[in-house]
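Some notes on the structure that comes next.
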Protein chains: 2
Amino acid sequence: MDNLSCTMIIFGGTGDLTKRKLIPAIHQLEKGKYLPNKFKVIGVGRRDISQEEYNVMLYKGIKEYTNIETNQELWNKISKKIYYLKMDFTKSYEYEKIYEYLLEDNKKEEISSNLLFYLAVSPEYFGTIVNNLKKNNIIDENNHWNRMVIEKPFGKDFKSAKKLNKEITKVFKENQIFRIDHYLGKEMIQNITMLRFENSIFEPIWSNKYIENIQIIVSEKEGIGLRGEYYDNTGALKDMIQSHLLQILAITTMESPENFYIDSIRNSKAKLLEDLVLYTDDNNKEDIIFGQYEGYNDEEGVFEDSNRETYVAMKVFIDNERWKGVPIYLMTGKNLKEKLAQVSIEFKEPKNTIKTKKEINILKMDKKPKGNVLEIMIQPKEGIGLRINIKKPTVINEMEVAQMEYCKTCLNGLNTPDAYVKLLLDVIEGDSTRFTRWDELSYSWRFIDSINEEFIKTHKYKAKGLGPDKAYTMIKKDNRKWWFLDKWGKTNENI
Amino acid sequence: MDNLSCTMIIFGGTGDLTKRKLIPAIHQLEKGKYLPNKFKVIGVGRRDISQEEYNVMLYKGIKEYTNIETNQELWNKISKKIYYLKMDFTKSYEYEKIYEYLLEDNKKEEISSNLLFYLAVSPEYFGTIVNNLKKNNIIDENNHWNRMVIEKPFGKDFKSAKKLNKEITKVFKENQIFRIDHYLGKEMIQNITMLRFENSIFEPIWSNKYIENIQIIVSEKEGIGLRGEYYDNTGALKDMIQSHLLQILAITTMESPENFYIDSIRNSKAKLLEDLVLYTDDNNKEDIIFGQYEGYNDEEGVFEDSNRETYVAMKVFIDNERWKGVPIYLMTGKNLKEKLAQVSIEFKEPKNTIKTKKEINILKMDKKPKGNVLEIMIQPKEGIGLRINIKKPTVINEMEVAQMEYCKTCLNGLNTPDAYVKLLLDVIEGDSTRFTRWDELSYSWRFIDSINEEFIKTHKYKAKGLGPDKAYTMIKKDNRKWWFLDKWGKTNENI
């Protein structure tokens with residue numbers, strides 16, 4: 001058995017994630033010939049369906065939920081690798097089914113294949129599953145690897161995350177645990193690292209000496225959909241900020257890693273998250289704006305009088321030499337005008353400028369020259385934009401803002417691979433760079449825990465709107481503007 | 001009389017420059033309402049033509065040589081301001097005609113209007129003209145300004161330039177002399193200053209710490225045309241490098257001026273030109289390549305056995321803290337594949353890069369990542385390009401080069417104003433920022449004089465080709481490549 005070949009066991013094999021993301025990802029890996037020589041999937045589910053019904057369900061899923069190109073021939077090749085296993089994973093004795101299957105498949109006295117456990121189920125079952133895997137000798141210390149992938153949420157505060165971590169680390173070691181954050185598999189998020197460290201022009205100006213502020217936006221057009229119960233218990237702060245936005249923040253602002261081995265990058269990220277300035281009850285209340293879209297209380301699974309936030313805008317600081325004094329604005333929300341994810345890095349205005357020449361009457365300079373802005377566009381457009389100040393092509397010396405742009409999706413259509421394709425390959429190859437290590441997670445939770453939600457008022461905002469006015473007041477008070485507004489055809493003046 | 005209103009006296013009023021550039025520029029200034037309240041033109045010429053014939057000739061010139069939009073109504077308005085004066089400017093007594101005209105026009109006992117002398121004639125007449133202007137009391141120290149514009153070439157070496165300067169400074173003070181270099185009026189050349197000083201992201205990385213090399217290219221598609229006699233006496237080194245290319249070099253690399261008043265910028269430029277490393281017979285012979293296009297010797301006015309260079313490629317260094325060790329490659333030539341003017345700034349490759357992660361087998365990085373390149377496109381495209389390294393949108397970590405671009409002419413068509421429009425307005429407004437001061441000129445000549453042309457072999461190259469092979473050998477030996485080649489659909493490998 002080579003080091004990549006493995007059997008992937010999906011708990012939640014008939015669930016949404018499996019149909020929408022995992023099987024399509026496996027499909028793409030097969031198509032691109034990225035799968036190892038030997039690769040099998042065991043889809044574990046409680047439903048009483050036949051292997052054929054399972055296959056049909058998965059194939060339908062690909063066609064229904066994705067726009068990837070497929071055909072029956074290709075699918076036949078893939079579906080041969082997929083095995084449906086009906087079992088109740090809450091019952092210990094049921095795990096024998098897995099054990100038996102693997103034994104038979106390995107044609108040996110003991111399990112010898114590498115095992116990739118994918119826990120596509122609610123976190124409340126994580127403990128049960130890992131304990132039962134251990135108890136039933138499916139995980140052992142034989143000459144093969146065991147890896148486990150778990151989806152967020154990983155806890156709902158530091159305490160519960162710690163408890164959960166304790167449970168799973170009884171069975172899996174830290175380097176066997178792959179805490180997936182699918183944002184880290186997105187093309188442009190991966191590109192942030194390349195941008196910073198494969199281009200010599202950015203790193204020298206990547207500090208408070210040149211950067212005025214940073215803005216990280218992940219807005220969604222959809223509401224909470226059918227996830228009312230989960231969402232009403234969680235909210236945007238813990239669902240989005242704690243995971244995706246803090247990870248993007250860490251990648252954007254971390255110190256240059258010593259090298260680019262797995263733990264070196266994660267060391268840098270963890271250090272950054274450790275350096276986040278914690279909130280205190282007095283001094284930072286006005287730096288966090290909560291919002292809730294109108295109609296939220298009518299959603300299924302939501303308390304009638306819930307004031308759970310579906311929107312957060314906040315100002316964050318980092319307490320280190322590089323970033324001291326640079327505000328980082330985070331914004332995320334549901335049911336907003338557009339789906340948009342973007343990092344905007346606004347540079348300071350230059351000090352010695354031609355504007356000082358204004359005494360010569362021929363010079364009619366634009367009264368509002370702007371600092372440069374580097375935009376890392378994550379979705380729906382994927383690319384890079386750079387605003388620079390440039391002379392207007394007129395006789396007099398007017399200035400205008402030019403937008404340089406490189407747009408990946410504009411060139412390649414929607415062909416950038418889905419995050420799960422890359423992340424799944426990472427797991428198979430044992431590269432956990434793009435997965436969250438426990439210390440990163442614990443620092444994120446410590447930061448989130450420093451926010452006292454009781455003290456923060458939740459402001460209503462219009463569905464498919466721009467979010468609460470307060471978010472604009474906050475940034476305007478700082479004499480800044482949200483750069484994403486341009487993408488929405490708005491300016492800070494006209495809202 | 002206000003400080004802008006003036007009478008412009010063109011010596012060479014029936015010449016090419018007047019028809020192709022000066023009158024069209026005045027046309028555009030009138031159209032854009034940039035002309036002062038009172039503005040007159042006296043076109044001085046030897047030809048015996050009527051005022052009406054002169055008008056018709058100029059109007060035809062606009063339509064024939066330019067693509068600016070005009071109409072009879074607009075032209076009538078302009079032509080009313082233009083007066084044709086038949087005179088022989090080599091004869092002192094003829095200058096009375098100018099004096100008389102001005103007196104009458106001023107309706108006073110003495111000349112009271114501001115006077116702008118434009119010497120659109122061969123430099124050999126500069127001395128005669130200024131002396132006669134003085135002798136005939138056309139230039140006096142009354143309460144109005146006198147300014148003189150002269151076209152290049154200003155001398156053919158330091159000695160002759162000094163002599164010429166001495167002649168004209170007997171009559172005009174340095175601040176009354178506008179040595180025009182029309183390249184400095186080009187939109188993107190003016191933009192270099194704005195780019196550098198109105199954007200905070202460039203200046204911090206504008207030094208030998210981050211920049212690997214700089215390339216300045218001005219290639220022409222045309223041959224020498226009908227200028228054989230002049231050209232065979234002059235050559236590309238003095239016709240192009242000494243003026244346009246060294247000026248572009250100075251603007252690109254000068255220290256940040258103390259402020260942006262006229263002399264502050266020119267101080268910076270002069271200092272830079274002073275710091276150019278002079279050539280010595282031994283050490284720099286291989287850094288200069290001369291070329292001559294095939295068929296040059298058959299051009300009219302050219303000596304049959306002339307080995308005058310129509311092409312120069314050379315490597316220049318600047319001896320100051322900012323630029324020590326950074327080679328600056330200049331290239332200019334006639335009868336080449338394309339008309340192109342461009343500054344390319346190539347940055348060093350980053351040191352700490354993801355490539356060091358190659359030990360992890362999933363990483364298949366492009367083996368040839370490139371330093372970033374900032375391109376300032378002057379013509380025919382006007383704009384800015386930036387090459388950055390970016391992740392390929394594939395499952396594995398391949399890198400590719402992305403070209404970000406902002407193209408002015410692509411957006412605005414060919415509507416950027418001609419250099420002469422802006423430069424003429426500069427003269428009217430007394431802004432000599434974009435004109436060459438004597439010390440700049442003298443340092444340029446000192447630098448050019450340090451080249452011993454006798455020692456440099458002239459290599460033949462194909463008409464409409466890429467220039468002599470030697471130019472590519474030179475840069476290849478330095479492990480670099482000419483960036484402009486991409487624009488010509490070539491790479492350094494395939495030539």
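We label chains A, B, ... in the order they appear in the structure tokens, count residues from 1 in each chain, and number ligands from 1 in the order shown.
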
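Counting only C-alpha atoms, stretch 449-451 of chain A has the following residues at most 8 Å away, ignoring those fewer than 2 positions along the same chain: A:Asp157, A:Phe158, A:Leu278, A:Tyr279, A:Thr280, A:Asp281, A:Trp445, A:Arg446, A:Phe447, A:Glu453.
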
Could those residues be written to a file, using all heavy atoms, as a tab-separated table (two decimals), in the first residue's frame?
```tsv
chain	number	residue	atom	x	y	z
A	157	ASP	N	-17.77	28.22	22.06
A	157	ASP	CA	-16.92	29.17	22.76
A	157	ASP	C	-15.64	28.42	23.11
A	157	ASP	O	-15.50	27.24	22.77
A	157	ASP	CB	-17.60	29.76	24.00
A	157	ASP	CG	-18.13	28.68	24.92
A	157	ASP	OD1	-17.65	27.52	24.85
A	157	ASP	OD2	-19.05	28.96	25.72
A	158	PHE	N	-14.74	29.10	23.78
A	158	PHE	CA	-13.46	28.45	24.06
A	158	PHE	C	-13.64	27.20	24.91
A	158	PHE	O	-13.05	26.15	24.65
A	158	PHE	CB	-12.51	29.44	24.76
A	158	PHE	CG	-11.19	28.83	25.10
A	158	PHE	CD1	-10.38	28.28	24.11
A	158	PHE	CD2	-10.75	28.78	26.41
A	158	PHE	CE1	-9.16	27.70	24.42
A	158	PHE	CE2	-9.52	28.20	26.74
A	158	PHE	CZ	-8.73	27.66	25.73
A	278	LEU	N	-7.88	42.04	22.52
A	278	LEU	CA	-9.16	41.59	23.06
A	278	LEU	C	-10.05	42.79	23.38
A	278	LEU	O	-9.58	43.88	23.65
A	278	LEU	CB	-8.93	40.75	24.33
A	278	LEU	CG	-8.04	39.51	24.14
A	278	LEU	CD1	-7.97	38.72	25.45
A	278	LEU	CD2	-8.56	38.62	23.02
A	279	TYR	N	-11.34	42.54	23.32
A	279	TYR	CA	-12.29	43.61	23.67
A	279	TYR	C	-12.45	43.68	25.18
A	279	TYR	O	-12.32	42.67	25.88
A	279	TYR	CB	-13.64	43.35	23.02
A	279	TYR	CG	-13.63	43.58	21.54
A	279	TYR	CD1	-13.45	42.52	20.65
A	279	TYR	CD2	-13.77	44.86	21.02
A	279	TYR	CE1	-13.42	42.74	19.28
A	279	TYR	CE2	-13.75	45.07	19.66
A	279	TYR	CZ	-13.57	44.02	18.80
A	279	TYR	OH	-13.54	44.24	17.45
A	280	THR	N	-12.73	44.86	25.65
A	280	THR	CA	-13.11	44.98	27.05
A	280	THR	C	-14.50	45.61	27.06
A	280	THR	O	-14.91	46.26	26.10
A	280	THR	CB	-12.15	45.89	27.83
A	280	THR	OG1	-12.25	47.21	27.27
A	280	THR	CG2	-10.72	45.39	27.74
A	281	ASP	N	-15.21	45.44	28.15
A	281	ASP	CA	-16.59	45.93	28.20
A	281	ASP	C	-16.69	47.43	27.95
A	281	ASP	O	-17.60	47.91	27.28
A	281	ASP	CB	-17.23	45.59	29.55
A	281	ASP	CG	-17.52	44.11	29.63
A	281	ASP	OD1	-17.38	43.42	28.60
A	281	ASP	OD2	-17.88	43.63	30.73
A	445	TRP	N	-11.12	31.65	19.56
A	445	TRP	CA	-12.21	31.61	20.53
A	445	TRP	C	-11.96	32.57	21.69
A	445	TRP	O	-12.87	33.23	22.17
A	445	TRP	CB	-12.42	30.18	21.06
A	445	TRP	CG	-13.33	29.36	20.18
A	445	TRP	CD1	-13.06	28.16	19.62
A	445	TRP	CD2	-14.67	29.69	19.77
A	445	TRP	NE1	-14.13	27.70	18.88
A	445	TRP	CE2	-15.13	28.64	18.96
A	445	TRP	CE3	-15.51	30.79	20.00
A	445	TRP	CZ2	-16.41	28.63	18.39
A	445	TRP	CZ3	-16.78	30.79	19.43
A	445	TRP	CH2	-17.22	29.72	18.63
A	446	ARG	N	-10.71	32.65	22.12
A	446	ARG	CA	-10.39	33.58	23.20
A	446	ARG	C	-10.77	35.00	22.79
A	446	ARG	O	-11.36	35.76	23.56
A	446	ARG	CB	-8.89	33.53	23.52
A	446	ARG	CG	-8.53	34.29	24.77
A	446	ARG	CD	-7.03	34.28	24.99
A	446	ARG	NE	-6.33	35.01	23.93
A	446	ARG	CZ	-5.09	35.50	24.06
A	446	ARG	NH1	-4.41	35.30	25.18
A	446	ARG	NH2	-4.53	36.14	23.07
A	447	PHE	N	-10.47	35.33	21.52
A	447	PHE	CA	-10.81	36.66	21.01
A	447	PHE	C	-12.33	36.87	20.98
A	447	PHE	O	-12.85	37.87	21.46
A	447	PHE	CB	-10.21	36.84	19.61
A	447	PHE	CG	-10.65	38.09	18.90
A	447	PHE	CD1	-10.19	39.34	19.31
A	447	PHE	CD2	-11.55	38.02	17.84
A	447	PHE	CE1	-10.61	40.50	18.67
A	447	PHE	CE2	-11.97	39.18	17.19
A	447	PHE	CZ	-11.50	40.42	17.61
A	453	GLU	N	-21.62	39.88	24.20
A	453	GLU	CA	-22.76	40.12	23.29
A	453	GLU	C	-23.94	40.79	23.97
A	453	GLU	O	-24.74	41.45	23.33
A	453	GLU	CB	-23.21	38.79	22.67
A	453	GLU	CG	-22.14	38.17	21.79
A	453	GLU	CD	-22.63	36.89	21.10
A	453	GLU	OE1	-23.75	36.89	20.59
A	453	GLU	OE2	-21.86	35.90	21.12
```

Exercise. So which bits of stretch 261-311 of chain B end up strand (DSSP E or B) when you DSSP the backbone, as a list in words?
Worked result: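 Across stretch 261-311 of chain B, those assigned strand (DSSP E or B) are Leu276, Ile288, Ile289, Phe290, Gly291, Gln292, Tyr293 and Tyr311 of chain B.
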
Exercise. Atom CA of A:Phe303 to atom CA of A:Gly223: how many Å, to one decimal?
Worked result: 15.6 Å

For this session: Tell me, as a list in words, which residues lie within 12 Å of A:Gly325, counting only C-alpha atoms; anything in the same chain fewer than 4 positions away does not count.
Result: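 With the cut-off at 12 Å, the set is Ser207, Asn208, Lys209, Tyr210, Ile211, Glu212, Asn213, Ile214, Leu276, Val277, Lys315, Val316, Phe317, Ile318, Asp319, Asn320 and Glu321 of chain A.
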
Writing out the chosen residues with all heavy atoms as a short mmCIF file (atom, residue, chain, number, x, y, z; two decimals), in the first residue's frame:
```cif
data_model
loop_
_atom_site.label_atom_id
_atom_site.label_comp_id
_atom_site.auth_asym_id
_atom_site.auth_seq_id
_atom_site.Cartn_x
_atom_site.Cartn_y
_atom_site.Cartn_z
N SER A 207 2.83 46.94 6.13
CA SER A 207 2.92 47.25 7.57
C SER A 207 2.24 48.57 7.86
O SER A 207 1.83 49.30 6.94
CB SER A 207 4.38 47.34 7.98
OG SER A 207 4.92 48.56 7.51
N ASN A 208 2.17 48.87 9.13
CA ASN A 208 1.53 50.13 9.55
C ASN A 208 2.26 51.37 9.04
O ASN A 208 1.71 52.46 9.08
CB ASN A 208 1.39 50.18 11.08
CG ASN A 208 2.71 49.96 11.80
OD1 ASN A 208 3.77 49.92 11.16
ND2 ASN A 208 2.65 49.80 13.12
N LYS A 209 3.46 51.20 8.56
CA LYS A 209 4.16 52.36 8.01
C LYS A 209 3.48 52.82 6.71
O LYS A 209 3.49 54.00 6.38
CB LYS A 209 5.62 51.99 7.74
CG LYS A 209 6.52 53.20 7.61
CD LYS A 209 7.99 52.84 7.60
CE LYS A 209 8.80 54.03 7.10
NZ LYS A 209 10.15 53.64 6.70
N TYR A 210 2.92 51.89 5.98
CA TYR A 210 2.34 52.23 4.68
C TYR A 210 0.84 51.94 4.58
O TYR A 210 0.15 52.50 3.75
CB TYR A 210 3.09 51.48 3.57
CG TYR A 210 4.56 51.78 3.59
CD1 TYR A 210 5.49 50.87 4.07
CD2 TYR A 210 5.03 53.03 3.15
CE1 TYR A 210 6.84 51.18 4.11
CE2 TYR A 210 6.37 53.34 3.20
CZ TYR A 210 7.28 52.42 3.68
OH TYR A 210 8.61 52.72 3.74
N ILE A 211 0.36 51.02 5.40
CA ILE A 211 -1.05 50.64 5.30
C ILE A 211 -1.88 51.43 6.31
O ILE A 211 -1.52 51.55 7.48
CB ILE A 211 -1.21 49.11 5.48
CG1 ILE A 211 -0.61 48.40 4.26
CG2 ILE A 211 -2.67 48.74 5.66
CD1 ILE A 211 -0.63 46.89 4.32
N GLU A 212 -2.98 51.97 5.81
CA GLU A 212 -3.82 52.83 6.64
C GLU A 212 -4.89 51.99 7.33
O GLU A 212 -5.17 52.16 8.51
CB GLU A 212 -4.47 53.88 5.72
CG GLU A 212 -4.74 55.21 6.38
CD GLU A 212 -6.00 55.19 7.22
OE1 GLU A 212 -6.92 54.40 6.91
OE2 GLU A 212 -6.08 55.95 8.19
N ASN A 213 -5.52 51.10 6.59
CA ASN A 213 -6.51 50.20 7.18
C ASN A 213 -6.74 49.02 6.24
O ASN A 213 -6.37 49.05 5.07
CB ASN A 213 -7.83 50.92 7.49
CG ASN A 213 -8.65 51.21 6.25
OD1 ASN A 213 -9.41 50.36 5.77
ND2 ASN A 213 -8.49 52.40 5.67
N ILE A 214 -7.33 47.98 6.82
CA ILE A 214 -7.62 46.76 6.05
C ILE A 214 -9.10 46.45 6.24
O ILE A 214 -9.65 46.65 7.33
CB ILE A 214 -6.76 45.58 6.54
CG1 ILE A 214 -5.27 45.87 6.27
CG2 ILE A 214 -7.17 44.27 5.88
CD1 ILE A 214 -4.32 44.80 6.81
N LEU A 276 -4.24 39.41 18.56
CA LEU A 276 -5.44 40.24 18.39
C LEU A 276 -5.75 40.94 19.71
O LEU A 276 -5.69 40.34 20.78
CB LEU A 276 -6.64 39.37 17.99
CG LEU A 276 -6.63 38.77 16.59
CD1 LEU A 276 -7.88 37.91 16.38
CD2 LEU A 276 -6.56 39.87 15.53
N VAL A 277 -6.08 42.22 19.61
CA VAL A 277 -6.42 42.97 20.82
C VAL A 277 -7.80 42.54 21.31
O VAL A 277 -8.78 42.64 20.56
CB VAL A 277 -6.41 44.48 20.54
CG1 VAL A 277 -6.85 45.26 21.77
CG2 VAL A 277 -5.02 44.92 20.10
N LYS A 315 -14.44 46.50 14.29
CA LYS A 315 -13.10 47.06 14.11
C LYS A 315 -12.16 46.31 15.04
O LYS A 315 -12.41 46.20 16.23
CB LYS A 315 -13.12 48.54 14.43
CG LYS A 315 -11.81 49.24 14.23
CD LYS A 315 -11.96 50.75 14.04
CE LYS A 315 -12.46 51.45 15.30
NZ LYS A 315 -12.29 52.93 15.18
N VAL A 316 -11.09 45.79 14.48
CA VAL A 316 -10.18 44.94 15.22
C VAL A 316 -8.77 45.54 15.15
O VAL A 316 -8.41 46.15 14.15
CB VAL A 316 -10.16 43.52 14.57
CG1 VAL A 316 -9.22 42.58 15.30
CG2 VAL A 316 -11.57 42.95 14.48
N PHE A 317 -8.01 45.37 16.19
CA PHE A 317 -6.61 45.81 16.16
C PHE A 317 -5.68 44.65 16.48
O PHE A 317 -6.08 43.68 17.14
CB PHE A 317 -6.37 46.94 17.16
CG PHE A 317 -6.96 48.25 16.72
CD1 PHE A 317 -8.23 48.63 17.13
CD2 PHE A 317 -6.24 49.10 15.89
CE1 PHE A 317 -8.79 49.84 16.71
CE2 PHE A 317 -6.79 50.32 15.48
CZ PHE A 317 -8.06 50.68 15.89
N ILE A 318 -4.47 44.75 15.99
CA ILE A 318 -3.46 43.73 16.27
C ILE A 318 -2.35 44.39 17.08
O ILE A 318 -1.85 45.45 16.69
CB ILE A 318 -2.88 43.17 14.95
CG1 ILE A 318 -3.99 42.53 14.12
CG2 ILE A 318 -1.76 42.16 15.23
CD1 ILE A 318 -3.61 42.28 12.67
N ASP A 319 -1.98 43.75 18.15
CA ASP A 319 -0.97 44.33 19.02
C ASP A 319 0.41 43.75 18.71
O ASP A 319 0.95 42.94 19.46
CB ASP A 319 -1.35 44.05 20.48
CG ASP A 319 -0.37 44.72 21.44
OD1 ASP A 319 0.28 45.71 21.02
OD2 ASP A 319 -0.26 44.25 22.58
N ASN A 320 0.95 44.14 17.58
CA ASN A 320 2.35 43.81 17.33
C ASN A 320 3.00 44.96 16.57
O ASN A 320 2.34 45.93 16.20
CB ASN A 320 2.50 42.46 16.62
CG ASN A 320 1.95 42.45 15.22
OD1 ASN A 320 1.78 43.50 14.57
ND2 ASN A 320 1.63 41.27 14.72
N GLU A 321 4.29 44.85 16.38
CA GLU A 321 5.04 45.97 15.82
C GLU A 321 4.56 46.32 14.42
O GLU A 321 4.45 47.47 14.04
CB GLU A 321 6.52 45.55 15.76
CG GLU A 321 7.48 46.71 15.92
CD GLU A 321 8.92 46.24 15.75
OE1 GLU A 321 9.23 45.13 16.24
OE2 GLU A 321 9.70 46.95 15.10
#
```

Exercise. Counting only C-alpha atoms, what is within 12 Å of B:Pro36, bar same-chain residues fewer than 6 positions away, as a PyMOL selection string?
Worked result: chain B and resi 1-8+26+29-30+81+114+424-425+427-429

Selected residues, N, CA and C atoms, written as a PDB file, in the first residue's frame, please.
```
ATOM      1  N   MET B   1      -2.955  94.731 -19.419  1.00  0.00           N
ATOM      2  CA  MET B   1      -2.570  93.403 -19.937  1.00  0.00           C
ATOM      3  C   MET B   1      -2.363  92.419 -18.792  1.00  0.00           C
ATOM      4  N   ASP B   2      -3.086  91.295 -18.869  1.00  0.00           N
ATOM      5  CA  ASP B   2      -2.904  90.324 -17.790  1.00  0.00           C
ATOM      6  C   ASP B   2      -1.627  89.525 -18.021  1.00  0.00           C
ATOM      7  N   ASN B   3      -1.338  88.653 -17.106  1.00  0.00           N
ATOM      8  CA  ASN B   3      -0.047  87.981 -17.099  1.00  0.00           C
ATOM      9  C   ASN B   3       0.028  86.807 -18.090  1.00  0.00           C
ATOM     10  N   LEU B   4      -1.108  86.428 -18.644  1.00  0.00           N
ATOM     11  CA  LEU B   4      -1.114  85.302 -19.590  1.00  0.00           C
ATOM     12  C   LEU B   4      -1.225  85.766 -21.040  1.00  0.00           C
ATOM     13  N   SER B   5      -1.979  86.833 -21.239  1.00  0.00           N
ATOM     14  CA  SER B   5      -2.154  87.328 -22.609  1.00  0.00           C
ATOM     15  C   SER B   5      -0.799  87.625 -23.230  1.00  0.00           C
ATOM     16  N   CYS B   6      -0.668  87.258 -24.498  1.00  0.00           N
ATOM     17  CA  CYS B   6       0.645  87.440 -25.126  1.00  0.00           C
ATOM     18  C   CYS B   6       0.574  87.353 -26.639  1.00  0.00           C
ATOM     19  N   THR B   7       1.656  87.751 -27.257  1.00  0.00           N
ATOM     20  CA  THR B   7       1.823  87.581 -28.696  1.00  0.00           C
ATOM     21  C   THR B   7       2.931  86.554 -28.918  1.00  0.00           C
ATOM     22  N   MET B   8       2.611  85.579 -29.739  1.00  0.00           N
ATOM     23  CA  MET B   8       3.572  84.509 -29.999  1.00  0.00           C
ATOM     24  C   MET B   8       4.157  84.728 -31.387  1.00  0.00           C
ATOM     25  N   ILE B  26      -2.372  75.268 -30.963  1.00  0.00           N
ATOM     26  CA  ILE B  26      -3.135  76.492 -30.693  1.00  0.00           C
ATOM     27  C   ILE B  26      -4.621  76.244 -30.953  1.00  0.00           C
ATOM     28  N   LEU B  29      -5.975  74.458 -27.978  1.00  0.00           N
ATOM     29  CA  LEU B  29      -6.070  75.338 -26.812  1.00  0.00           C
ATOM     30  C   LEU B  29      -7.267  76.274 -26.945  1.00  0.00           C
ATOM     31  N   GLU B  30      -7.499  76.753 -28.140  1.00  0.00           N
ATOM     32  CA  GLU B  30      -8.674  77.606 -28.377  1.00  0.00           C
ATOM     33  C   GLU B  30      -9.956  76.803 -28.143  1.00  0.00           C
ATOM     34  N   LYS B  81      -6.649  85.340 -35.203  1.00  0.00           N
ATOM     35  CA  LYS B  81      -5.583  85.669 -34.253  1.00  0.00           C
ATOM     36  C   LYS B  81      -4.198  85.499 -34.871  1.00  0.00           C
ATOM     37  N   ASN B 114       3.172  90.880 -23.655  1.00  0.00           N
ATOM     38  CA  ASN B 114       4.070  89.773 -23.372  1.00  0.00           C
ATOM     39  C   ASN B 114       4.441  89.102 -24.684  1.00  0.00           C
ATOM     40  N   LEU B 424       2.960  74.164 -24.838  1.00  0.00           N
ATOM     41  CA  LEU B 424       2.721  75.549 -25.226  1.00  0.00           C
ATOM     42  C   LEU B 424       1.984  76.280 -24.111  1.00  0.00           C
ATOM     43  N   LEU B 425       1.032  75.603 -23.514  1.00  0.00           N
ATOM     44  CA  LEU B 425       0.312  76.201 -22.390  1.00  0.00           C
ATOM     45  C   LEU B 425       1.263  76.456 -21.219  1.00  0.00           C
ATOM     46  N   VAL B 427       4.362  77.243 -21.443  1.00  0.00           N
ATOM     47  CA  VAL B 427       5.142  78.446 -21.748  1.00  0.00           C
ATOM     48  C   VAL B 427       4.305  79.684 -21.470  1.00  0.00           C
ATOM     49  N   ILE B 428       3.062  79.670 -21.946  1.00  0.00           N
ATOM     50  CA  ILE B 428       2.176  80.818 -21.723  1.00  0.00           C
ATOM     51  C   ILE B 428       2.031  81.095 -20.225  1.00  0.00           C
ATOM     52  N   GLU B 429       1.986  80.008 -19.467  1.00  0.00           N
ATOM     53  CA  GLU B 429       1.769  80.161 -18.032  1.00  0.00           C
ATOM     54  C   GLU B 429       3.070  80.279 -17.245  1.00  0.00           C
TER      55      GLU B 429
END
```

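Taking atom CA of A:Asp478 and atom CA of A:Lys351 as the two end points, the separation is 19.7 Å.
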
For this session: Point out the residue among B:Gly371, B:Gly43, B:Gly127, B:Gly301 with the least atom-to-atom distance to chain A, counting only C-alpha atoms.
Result: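 So, comparing all the options, the nearest one is B:Gly371.
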
Problem set entry | Residue nearest A:Lys487 among A:Glu286, A:Leu466, A:Ile224, A:Ile448 (counting only C-alpha atoms) | A:Leu466

Problem set entry | Best match for closeness to chain A among B:Phe89, B:Phe117, B:Trp75, B:Phe347, counting only C-alpha atoms |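 Residue with the minimum atom-to-atom distance to chain A: B:Phe347.
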
For this session: Between B:Gly12, B:Pro417, B:Pro153, B:Gly228, single out the one closest to chain A, counting only C-alpha atoms.
Result: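 Of B:Gly12, B:Pro417, B:Pro153, B:Gly228, the one nearest chain A is B:Pro417, counting only C-alpha atoms.
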
For this session: Name the residues in contact with A:Asn492 at a cut-off of 10 Å, using only C-alpha atoms, excluding same-chain residues fewer than 5 positions from it; report them as a list in words.
Result: Tyr472, Thr473, Ile475, Lys476, Arg480, Lys481, Trp482, Trp483, Phe484, Leu485 and Asp486 of chain A

Seminar exercise, completed: From the list B:Asn137, B:Asn76, B:Thr128, B:Asn199, the nearest residue to chain A using only C-alpha atoms is B:Asn199

Problem set entry | Selected residue of minimal separation from chain A among B:Trp145, B:Phe197, B:Tyr118, B:Tyr95, counting only C-alpha atoms |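 Of all the options, B:Phe197 lies closest to chain A.
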
Problem set entry | Length of the atom CA of A:Phe455 to atom CA of A:Lys162 vector [Å] | 25.2 Å

For this session: Find the residues near B:Leu246: any atom within 10 Å, counting only C-alpha atoms, skip ones fewer than 2 places away on the same chain, and give them as a PyMOL selection string.
Result: chain B and resi 216+240-244+248-252+269+272-273+276+330+440-441+444+447-448
